file run_6.pdb (PDB, C-alpha atoms)
ATOM      1  CA  MET K  67       1.739 -17.562 -12.955  1.00  0.00           C
ATOM      2  CA  LYS K  68      -1.676 -17.743 -11.308  1.00  0.00           C
ATOM      3  CA  ALA K  69      -0.279 -16.110  -8.179  1.00  0.00           C
ATOM      4  CA  GLU K  70       1.155 -13.259 -10.266  1.00  0.00           C
ATOM      5  CA  VAL K  71      -2.143 -12.689 -12.061  1.00  0.00           C
ATOM      6  CA  SER K  72      -3.963 -12.787  -8.726  1.00  0.00           C
ATOM      7  CA  LYS K  73      -1.676 -10.109  -7.263  1.00  0.00           C
ATOM      8  CA  ILE K  74      -2.126  -7.893 -10.312  1.00  0.00           C
ATOM      9  CA  ALA K  75      -5.895  -8.225 -10.009  1.00  0.00           C
ATOM     10  CA  LYS K  76      -5.790  -7.359  -6.308  1.00  0.00           C
ATOM     11  CA  THR K  77      -3.579  -4.349  -7.042  1.00  0.00           C
ATOM     12  CA  GLY K  78      -6.200  -3.191  -9.533  1.00  0.00           C
ATOM     13  CA  ILE K  79      -8.874  -3.478  -6.856  1.00  0.00           C
ATOM     14  CA  PHE K  80      -6.811  -1.411  -4.425  1.00  0.00           C
ATOM     15  CA  LEU K  81      -6.133   1.168  -7.160  1.00  0.00           C
ATOM     16  CA  ALA K  82      -9.856   1.498  -7.882  1.00  0.00           C
ATOM     17  CA  LEU K  83     -10.592   1.877  -4.163  1.00  0.00           C
ATOM     18  CA  ALA K  84      -7.866   4.515  -3.808  1.00  0.00           C
ATOM     19  CA  LEU K  85      -9.272   6.540  -6.695  1.00  0.00           C
ATOM     20  CA  ILE K  86     -12.799   6.347  -5.292  1.00  0.00           C
ATOM     21  CA  VAL K  87     -11.594   7.455  -1.859  1.00  0.00           C
ATOM     22  CA  ALA K  88      -9.552  10.274  -3.425  1.00  0.00           C
ATOM     23  CA  LEU K  89     -12.628  11.470  -5.329  1.00  0.00           C
ATOM     24  CA  LEU K  90     -14.776  11.412  -2.200  1.00  0.00           C
ATOM     25  CA  GLU K  91     -12.087  13.172  -0.159  1.00  0.00           C
ATOM     26  CA  SER K  92     -11.859  15.953  -2.754  1.00  0.00           C
ATOM     27  CA  LEU K  93     -15.484  16.789  -1.959  1.00  0.00           C
ATOM     28  CA  ILE K  94     -14.685  17.338   1.737  1.00  0.00           C
ATOM     29  CA  PRO K  95     -13.864  20.976   2.666  1.00  0.00           C
ATOM     30  CA  PRO K  96     -10.358  21.642   4.051  1.00  0.00           C
ATOM     31  CA  LEU K  97     -10.031  20.663   7.700  1.00  0.00           C
ATOM     32  CA  VAL K  98      -8.097  23.892   8.336  1.00  0.00           C
ATOM     33  CA  PRO K  99      -9.305  26.768   6.106  1.00  0.00           C
ATOM     34  CA  VAL K 100      -5.942  28.562   6.220  1.00  0.00           C
ATOM     35  CA  LEU K 101      -4.225  25.360   5.042  1.00  0.00           C
ATOM     36  CA  PRO K 102      -6.314  24.307   2.025  1.00  0.00           C
ATOM     37  CA  TYR K 103      -3.812  21.624   0.988  1.00  0.00           C
ATOM     38  CA  ALA K 104      -3.776  19.921   4.390  1.00  0.00           C
ATOM     39  CA  LYS K 105      -6.031  16.895   3.960  1.00  0.00           C
ATOM     40  CA  LEU K 106      -6.639  13.784   5.993  1.00  0.00           C
ATOM     41  CA  GLY K 107      -5.167  11.583   3.263  1.00  0.00           C
ATOM     42  CA  LEU K 108      -7.693   8.758   3.408  1.00  0.00           C
ATOM     43  CA  THR K 109      -6.161   7.145   0.331  1.00  0.00           C
ATOM     44  CA  ASN K 110      -3.187   6.252   2.525  1.00  0.00           C
ATOM     45  CA  ILE K 111      -5.391   3.634   4.182  1.00  0.00           C
ATOM     46  CA  VAL K 112      -5.906   1.862   0.870  1.00  0.00           C
ATOM     47  CA  LEU K 113      -2.327   2.229  -0.356  1.00  0.00           C
ATOM     48  CA  PHE K 114      -0.758   1.004   2.889  1.00  0.00           C
ATOM     49  CA  ALA K 115      -3.107  -1.978   2.838  1.00  0.00           C
ATOM     50  CA  CYS K 116      -1.933  -2.736  -0.707  1.00  0.00           C
ATOM     51  CA  PHE K 117       1.730  -2.484   0.320  1.00  0.00           C
ATOM     52  CA  ILE K 118       1.207  -4.840   3.240  1.00  0.00           C
ATOM     53  CA  THR K 119      -1.173  -7.440   1.851  1.00  0.00           C
ATOM     54  CA  VAL K 120      -0.099  -7.662  -1.806  1.00  0.00           C
ATOM     55  CA  GLY K 121       3.540  -6.563  -1.899  1.00  0.00           C
ATOM     56  CA  VAL K 122       5.833  -3.556  -1.993  1.00  0.00           C
ATOM     57  CA  TRP K 123       6.278  -3.326  -5.764  1.00  0.00           C
ATOM     58  CA  TYR K 124       2.568  -3.796  -6.370  1.00  0.00           C
ATOM     59  CA  GLY K 125       1.981  -1.048  -3.835  1.00  0.00           C
ATOM     60  CA  TYR K 126       4.313   1.247  -5.764  1.00  0.00           C
ATOM     61  CA  ALA K 127       2.416   0.487  -8.972  1.00  0.00           C
ATOM     62  CA  ALA K 128      -0.885   1.380  -7.298  1.00  0.00           C
ATOM     63  CA  LEU K 129       0.675   4.525  -5.838  1.00  0.00           C
ATOM     64  CA  VAL K 130       2.052   5.838  -9.143  1.00  0.00           C
ATOM     65  CA  LEU K 131      -1.118   5.032 -11.093  1.00  0.00           C
ATOM     66  CA  LYS K 132      -3.248   6.619  -8.398  1.00  0.00           C
ATOM     67  CA  CYS K 133      -1.280   9.885  -8.654  1.00  0.00           C
ATOM     68  CA  LEU K 134      -1.523   9.867 -12.445  1.00  0.00           C
ATOM     69  CA  PHE K 135      -5.223   9.038 -12.681  1.00  0.00           C
ATOM     70  CA  ALA K 136      -6.171  11.426  -9.870  1.00  0.00           C
ATOM     71  CA  ALA K 137      -4.509  14.286 -11.762  1.00  0.00           C
ATOM     72  CA  ILE K 138      -6.244  13.262 -14.993  1.00  0.00           C
ATOM     73  CA  PHE K 139      -9.662  13.000 -13.345  1.00  0.00           C
ATOM     74  CA  ALA K 140      -9.168  16.382 -11.656  1.00  0.00           C
ATOM     75  CA  GLY K 141      -8.143  17.958 -14.960  1.00  0.00           C
ATOM     76  CA  ASN K 142      -5.005  19.334 -13.351  1.00  0.00           C
ATOM     77  CA  ALA K 143      -1.800  17.801 -14.674  1.00  0.00           C
ATOM     78  CA  GLY K 144       0.211  20.050 -12.360  1.00  0.00           C
ATOM     79  CA  MET K 145      -0.932  17.919  -9.431  1.00  0.00           C
ATOM     80  CA  ILE K 146       1.510  15.216 -10.518  1.00  0.00           C
ATOM     81  CA  LEU K 147       4.440  17.574  -9.946  1.00  0.00           C
ATOM     82  CA  TYR K 148       3.467  17.851  -6.286  1.00  0.00           C
ATOM     83  CA  SER K 149       1.842  14.526  -5.473  1.00  0.00           C
ATOM     84  CA  LEU K 150       4.081  11.963  -7.193  1.00  0.00           C
ATOM     85  CA  PRO K 151       7.530  12.976  -5.795  1.00  0.00           C
ATOM     86  CA  SER K 152       6.033  13.558  -2.358  1.00  0.00           C
ATOM     87  CA  ALA K 153       4.241  10.206  -2.324  1.00  0.00           C
ATOM     88  CA  LEU K 154       7.282   8.274  -3.563  1.00  0.00           C
ATOM     89  CA  ALA K 155       9.541   9.828  -0.930  1.00  0.00           C
ATOM     90  CA  ALA K 156       7.033   9.337   1.875  1.00  0.00           C
ATOM     91  CA  TYR K 157       6.195   5.718   1.087  1.00  0.00           C
ATOM     92  CA  THR K 158       9.772   4.686   0.406  1.00  0.00           C
ATOM     93  CA  VAL K 159      10.920   5.782   3.855  1.00  0.00           C
ATOM     94  CA  ALA K 160       7.793   4.560   5.641  1.00  0.00           C
ATOM     95  CA  VAL K 161       7.709   1.116   4.013  1.00  0.00           C
ATOM     96  CA  LEU K 162      11.444   0.634   4.548  1.00  0.00           C
ATOM     97  CA  LEU K 163      11.169   1.366   8.276  1.00  0.00           C
ATOM     98  CA  PHE K 164       7.982  -0.666   8.624  1.00  0.00           C
ATOM     99  CA  ASN K 165       9.348  -3.744   6.863  1.00  0.00           C
ATOM    100  CA  THR K 166      12.517  -3.673   8.962  1.00  0.00           C
ATOM    101  CA  GLY K 167      10.457  -3.503  12.151  1.00  0.00           C
ATOM    102  CA  LYS K 168      11.729  -0.056  13.109  1.00  0.00           C
ATOM    103  CA  LEU K 169       8.231   1.413  13.168  1.00  0.00           C
ATOM    104  CA  SER K 170       4.715   0.133  13.654  1.00  0.00           C
ATOM    105  CA  LEU K 171       2.124   0.681  10.937  1.00  0.00           C
ATOM    106  CA  THR K 172       0.757   3.684  12.800  1.00  0.00           C
ATOM    107  CA  GLY K 173       4.216   5.185  13.225  1.00  0.00           C
ATOM    108  CA  ALA K 174       5.115   4.564   9.591  1.00  0.00           C
ATOM    109  CA  SER K 175       1.875   6.200   8.470  1.00  0.00           C
ATOM    110  CA  ALA K 176       2.505   9.256  10.669  1.00  0.00           C
ATOM    111  CA  LEU K 177       6.043   9.550   9.328  1.00  0.00           C
ATOM    112  CA  SER K 178       4.810   9.273   5.738  1.00  0.00           C
ATOM    113  CA  GLY K 179       2.378  12.119   6.404  1.00  0.00           C
ATOM    114  CA  ILE K 180       5.190  14.325   7.684  1.00  0.00           C
ATOM    115  CA  ILE K 181       7.483  13.531   4.749  1.00  0.00           C
ATOM    116  CA  PHE K 182       4.702  13.929   2.199  1.00  0.00           C
ATOM    117  CA  ASN K 183       3.763  17.418   3.361  1.00  0.00           C
ATOM    118  CA  ALA K 184       7.387  18.490   3.863  1.00  0.00           C
ATOM    119  CA  VAL K 185       8.339  17.481   0.315  1.00  0.00           C
ATOM    120  CA  GLN K 186       5.289  19.273  -1.069  1.00  0.00           C
ATOM    121  CA  VAL K 187       6.250  22.457   0.757  1.00  0.00           C
ATOM    122  CA  GLY K 188       9.786  22.108  -0.592  1.00  0.00           C
ATOM    123  CA  ILE K 189       8.494  21.748  -4.161  1.00  0.00           C
ATOM    124  CA  ALA K 190       6.186  24.743  -3.705  1.00  0.00           C
ATOM    125  CA  ALA K 191       9.082  26.784  -2.322  1.00  0.00           C
ATOM    126  CA  ALA K 192      11.241  25.879  -5.317  1.00  0.00           C
ATOM    127  CA  LEU K 193       8.500  27.070  -7.669  1.00  0.00           C
ATOM    128  CA  ALA K 194       7.008  30.015  -5.768  1.00  0.00           C
ATOM    129  CA  GLY K 195       9.756  31.208  -3.470  1.00  0.00           C
ATOM    130  CA  ALA K 196      11.152  30.603   0.000  1.00  0.00           C
ATOM    131  CA  ALA K 197       8.236  32.419   1.639  1.00  0.00           C
ATOM    132  CA  VAL K 198       6.259  29.185   1.355  1.00  0.00           C
ATOM    133  CA  PHE K 199       8.443  27.637   4.058  1.00  0.00           C
ATOM    134  CA  VAL K 200       6.404  29.587   6.623  1.00  0.00           C
ATOM    135  CA  TYR K 201       3.803  26.818   6.236  1.00  0.00           C
ATOM    136  CA  LEU K 202       6.285  24.015   6.913  1.00  0.00           C
ATOM    137  CA  PRO K 203       5.724  23.642  10.693  1.00  0.00           C
ATOM    138  CA  TYR K 204       1.944  23.615  10.294  1.00  0.00           C
ATOM    139  CA  MET K 205       1.982  21.242   7.346  1.00  0.00           C
ATOM    140  CA  THR K 206       4.320  18.774   9.056  1.00  0.00           C
ATOM    141  CA  LEU K 207       2.131  18.808  12.180  1.00  0.00           C
ATOM    142  CA  ALA K 208      -0.981  18.303  10.069  1.00  0.00           C
ATOM    143  CA  GLY K 209       0.739  15.473   8.206  1.00  0.00           C
ATOM    144  CA  ALA K 210       1.720  13.749  11.445  1.00  0.00           C
ATOM    145  CA  ILE K 211      -1.819  13.936  12.854  1.00  0.00           C
ATOM    146  CA  ALA K 212      -3.448  12.820   9.597  1.00  0.00           C
ATOM    147  CA  GLY K 213      -0.930  10.005   9.153  1.00  0.00           C
ATOM    148  CA  PHE K 214      -1.489   8.785  12.696  1.00  0.00           C
ATOM    149  CA  VAL K 215      -5.277   8.714  12.228  1.00  0.00           C
ATOM    150  CA  THR K 216      -5.155   6.936   8.855  1.00  0.00           C
ATOM    151  CA  GLY K 217      -2.553   4.509  10.203  1.00  0.00           C
ATOM    152  CA  MET K 218      -4.837   3.567  13.094  1.00  0.00           C
ATOM    153  CA  ILE K 219      -7.730   3.042  10.689  1.00  0.00           C
ATOM    154  CA  CYS K 220      -5.603   0.932   8.348  1.00  0.00           C
ATOM    155  CA  ARG K 221      -4.296  -1.138  11.261  1.00  0.00           C
ATOM    156  CA  PHE K 222      -7.835  -1.800  12.478  1.00  0.00           C
ATOM    157  CA  ILE K 223      -9.072  -2.782   9.015  1.00  0.00           C
ATOM    158  CA  ILE K 224      -6.219  -5.191   8.308  1.00  0.00           C
ATOM    159  CA  LYS K 225      -6.477  -6.833  11.723  1.00  0.00           C
ATOM    160  CA  HIS K 226     -10.243  -7.122  12.018  1.00  0.00           C
ATOM    161  CA  VAL K 227     -11.798  -7.001   8.539  1.00  0.00           C
ATOM    162  CA  PRO K 228     -11.486 -10.266   6.574  1.00  0.00           C
ATOM    163  CA  LEU K 229      -9.882  -9.466   3.226  1.00  0.00           C
ATOM    164  CA  LYS K 230     -12.129 -12.055   1.592  1.00  0.00           C
ATOM    165  CA  LEU K 231     -14.823  -9.364   1.762  1.00  0.00           C
ATOM    166  CA  ILE K 232     -12.731  -7.428  -0.762  1.00  0.00           C
ATOM    167  CA  PHE K 233     -11.218 -10.226  -2.829  1.00  0.00           C
ATOM    168  CA  GLY K 234     -13.882 -12.884  -2.473  1.00  0.00           C
ATOM    169  CA  ASN K 235     -11.473 -15.641  -1.389  1.00  0.00           C
ATOM    170  CA  ASN K 236      -9.331 -16.759   1.510  1.00  0.00           C
ATOM    171  CA  GLU K 237      -5.929 -16.382  -0.100  1.00  0.00           C
ATOM    172  CA  LEU K 238      -5.001 -13.517   2.165  1.00  0.00           C
ATOM    173  CA  LYS K 239      -5.368 -13.690   5.908  1.00  0.00           C
ATOM    174  CA  ASN K 240      -5.361 -10.835   8.396  1.00  0.00           C
ATOM    175  CA  ALA K 241      -1.989  -9.184   8.818  1.00  0.00           C
ATOM    176  CA  ASP K 242       0.012  -9.436  11.996  1.00  0.00           C
ATOM    177  CA  ILE K 243       0.537  -5.732  12.537  1.00  0.00           C
ATOM    178  CA  GLU K 244       2.380  -6.115  15.810  1.00  0.00           C
ATOM    179  CA  ALA K 245       5.149  -8.098  14.157  1.00  0.00           C
ATOM    180  CA  GLY K 246       5.118  -5.930  11.057  1.00  0.00           C
ATOM    181  CA  LYS K 247       4.461  -8.917   8.811  1.00  0.00           C
ATOM    182  CA  THR K 248       1.620 -10.269   6.722  1.00  0.00           C
ATOM    183  CA  GLU K 249       0.495 -13.784   7.392  1.00  0.00           C
ATOM    184  CA  VAL K 250      -0.519 -15.497   4.170  1.00  0.00           C
ATOM    185  CA  ASP K 251      -1.691 -19.061   4.570  1.00  0.00           C
ATOM    186  CA  GLU K 252      -1.775 -21.016   1.335  1.00  0.00           C
ATOM    187  CA  VAL K 253      -3.167 -24.524   1.398  1.00  0.00           C
ATOM    188  CA  LYS K 254      -1.575 -26.804  -1.148  1.00  0.00           C
ATOM    189  CA  ASN K 255      -2.510 -30.400  -1.884  1.00  0.00           C
ATOM    190  CA  VAL K 256       0.646 -32.356  -2.576  1.00  0.00           C
ATOM    191  CA  ALA K 257       0.373 -35.792  -4.048  1.00  0.00           C
ATOM    192  CA  LYS K 258       1.965 -38.490  -1.889  1.00  0.00           C
ATOM    193  CA  GLU K 259       2.751 -40.667  -4.827  1.00  0.00           C
ATOM    194  CA  VAL K 260       3.900 -39.552  -8.276  1.00  0.00           C
ATOM    195  CA  GLU K 261       4.422 -42.019 -11.050  1.00  0.00           C
ATOM    196  CA  THR K 262       6.721 -41.438 -14.008  1.00  0.00           C
ATOM    197  CA  GLU K 263       7.835 -43.583 -16.902  1.00  0.00           C
ATOM    198  CA  ASP K 264      11.181 -44.391 -15.285  1.00  0.00           C
ATOM    199  CA  GLY K 265      10.453 -44.341 -11.592  1.00  0.00           C
ATOM    200  CA  GLU K 266       8.051 -43.885  -8.731  1.00  0.00           C
ATOM    201  CA  ILE K 267       8.375 -41.235  -6.010  1.00  0.00           C
ATOM    202  CA  LYS K 268       7.178 -42.351  -2.605  1.00  0.00           C
ATOM    203  CA  ASN K 269       7.734 -40.373   0.590  1.00  0.00           C
ATOM    204  CA  GLY K 270      10.364 -38.246  -1.099  1.00  0.00           C
ATOM    205  CA  GLU K 271      12.424 -41.198  -2.408  1.00  0.00           C
ATOM    206  CA  LEU K 272      12.814 -42.221  -5.998  1.00  0.00           C
ATOM    207  CA  LYS K 273      12.360 -45.942  -6.592  1.00  0.00           C
ATOM    208  CA  GLU K 274      12.875 -47.776  -9.807  1.00  0.00           C
ATOM    209  CA  VAL K 275       9.842 -49.414 -11.341  1.00  0.00           C
ATOM    210  CA  GLU K 276      10.157 -52.604 -13.266  1.00  0.00           C
ATOM    211  CA  PRO K 277       9.020 -52.224 -16.865  1.00  0.00           C
ATOM    212  CA  LYS K 278       5.622 -53.691 -17.452  1.00  0.00           C
ATOM    213  CA  GLU K 279       5.314 -56.314 -20.154  1.00  0.00           C
TER     214      GLU K 279
END

call {"tool": "encode", "arguments": {"input": "run_6.pdb", "output": "structure tokens"}}
result
Amino acid sequence: MKAEVSKIAKTGIFLALALIVALLESLIPPLVPVLPYAKLGLTNIVLFACFITVGVWYGYAALVLKCLFAAIFAGNAGMILYSLPSALAAYTVAVLLFNTGKLSLTGASALSGIIFNAVQVGIAAALAGAAVFVYLPYMTLAGAIAGFVTGMICRFIIKHVPLKLIFGNNELKNADIEAGKTEVDEVKNVAKEVETEDGEIKNGELKEVEPKE
């Protein structure tokens, strides 16, 4: 139960960080003026870190809530129509390939950037017409570059920045990015001797205890 509550709390921290980063990124002018929707996607750093260090389903929760709250804070509910399906598709494929060891974190992040932008272009084409597909090559290239950069940053942070600086404890250790796994060392104190009314457990064996008079 405590572990579950701890993971929920950590997911909340990652969600807050993602929203702050999204707000700050919205203040940055477009990297390519002719592609105003092509952004670096700095929130991917936070969300990928949540997926890796807390868990996949907690990462999905942070992802969905981030899309919802970002649209609310921006005062543009239409953002959800573009951001949520694109993010779900991108992260599902990327996390699946990353967890199976098919891709490194950097590769998974680059792939998620490509899928995210491609799905957004597809949604825009469905709403505005097929002419939007002219942006597809540029958006996929921009997504690959942005995903690669954010993946490198995320990889560096997870490997070299102690997560206790974020969470204030040592429950989570640095992730082993090369192996595609998170190393979580939990220290547990196990009693060597447990007494019960009917018996005594020593070294893993149950021994009968004579009733005391």

call {"tool": "closest_residue", "arguments": {"input": "run_6.pdb", "among": "K:Ala196, K:Ala115, K:Met218, K:Val187", "to": "Leu81 in chain K", "atoms": "only C-alpha atoms"}}
result
K:Ala115

call {"tool": "closest_atom_pairs", "arguments": {"input": "run_6.pdb", "of": "range 111-142 of chain K", "to": "range 219-227 of chain K", "cutoff": "8 Å", "atoms": "all atoms listed in the file", "output": "tab-separated table"}}
result
residue	atom	partner	partner_atom	distance
K:Ile111	CA	K:Cys220	CA	5.0
K:Val112	CA	K:Cys220	CA	7.5
K:Phe114	CA	K:Cys220	CA	7.3
K:Ala115	CA	K:Cys220	CA	6.7

call {"tool": "residues_around", "arguments": {"input": "run_6.pdb", "residues": "Lys73 in chain K", "least_positions_apart": "4", "cutoff": "12 Å", "atoms": "all atoms listed in the file", "output": "list in words"}}
result
Met67, Lys68, Ala69, Thr77, Gly78, Ile79, Phe80, Cys116, Phe117, Thr119, Val120, Gly121, Val122, Trp123, Tyr124, Gly125, Ala127, Ala128, Phe233, Glu237 and Leu238 of chain K

call {"tool": "closest_residue", "arguments": {"input": "run_6.pdb", "among": "K:Lys76, K:Tyr148, K:Ile86, K:Ala137", "to": "Ala192 in chain K", "atoms": "only C-alpha atoms"}}
result
K:Tyr148

call {"tool": "residues_around", "arguments": {"input": "run_6.pdb", "residues": "Ala176 in chain K", "least_positions_apart": "6", "cutoff": "7 Å", "atoms": "all atoms listed in the file", "output": "VMD selection string"}}
result
chain K and resid 209 to 211 213 to 214 217

call {"tool": "atom_distance", "arguments": {"input": "run_6.pdb", "atom1": "CA of Ala153 in chain K", "atom2": "CA of Lys132 in chain K"}}
result
10.3 Å

call {"tool": "atom_distance", "arguments": {"input": "run_6.pdb", "atom1": "CA of Leu113 in chain K", "atom2": "CA of Val185 in chain K"}}
result
18.6 Å

call {"tool": "closest_residue", "arguments": {"input": "run_6.pdb", "among": "K:Leu171, K:Leu163, K:Leu154, K:Ala84", "to": "Val130 in chain K", "atoms": "all atoms listed in the file"}}
result
K:Leu154
